[in-house]
Amino acid sequence: MLKSLLPAAAALGFVALAGQAMTTAPSAPGEGAPGWHLLHEGPMAKLAYGLPDSDQVALMLTCSPGDRTAVVYGDTQPRSPALTLAANGPQPIDPLSDGEAYEARLPLSDAALTGLARGGRMAVQSEAGARQIRASRAERRMVQGFLSYCASSHA
């Protein structure tokens, strides 16, 4: 039962992300443009790509200090051979989309994450196909902070 509640609780985190007025994302020209946003909820860090101040989140990564992997949620997934589904079998229903809620794990040292932090690009796969998500210089610093926080042993 706990296994089925965790993805549902994480999906509710999407709603919390959308409801948060304060993110550490820099304000971008063109307020309606998607971008990277970081917030901390207790000891958990959440890095999300989507529209600011909305529930339109394509990709979210979460971790806590000391984690070696990030948990990946969303319809868009990093393209990486190291990405592994967290659960086998039927997936729980995502309350935002009424579809399956896919949860996967990705090592913090994976090229998809380190490439985003260093070069500002992440190759992703979604229903629309393969593409790249970009990060501005300020967003790259935010991603680096997320990775450092996750790899640290304390909050």
# chains A, B, ... in the order shown; residues from 1 in each chain; ligands from 1
>>> residues_around(residues="stretch 40-49 of chain A", least_positions_apart="2", cutoff="6 Å", atoms="only C-alpha atoms", output="JSON, numbers by chain")
{"A": [35, 36, 37, 38, 57, 58, 59, 60, 61, 62, 63, 64, 155]}
>>> residues_around(residues="A:Leu147", least_positions_apart="4", cutoff="12 Å", atoms="only C-alpha atoms", output="PyMOL selection string")
chain A and resi 38+45-47+61-70+106-110+112-118+140-143+151-153
>>> atom_distance(atom1="atom CA of A:Ala104", atom2="atom CA of A:Val124")
13.5 Å
>>> closest_residue(among="A:Gly120, A:Gly145, A:Gly50, A:Gly74", to="A:Arg105", atoms="only C-alpha atoms")
A:Gly74
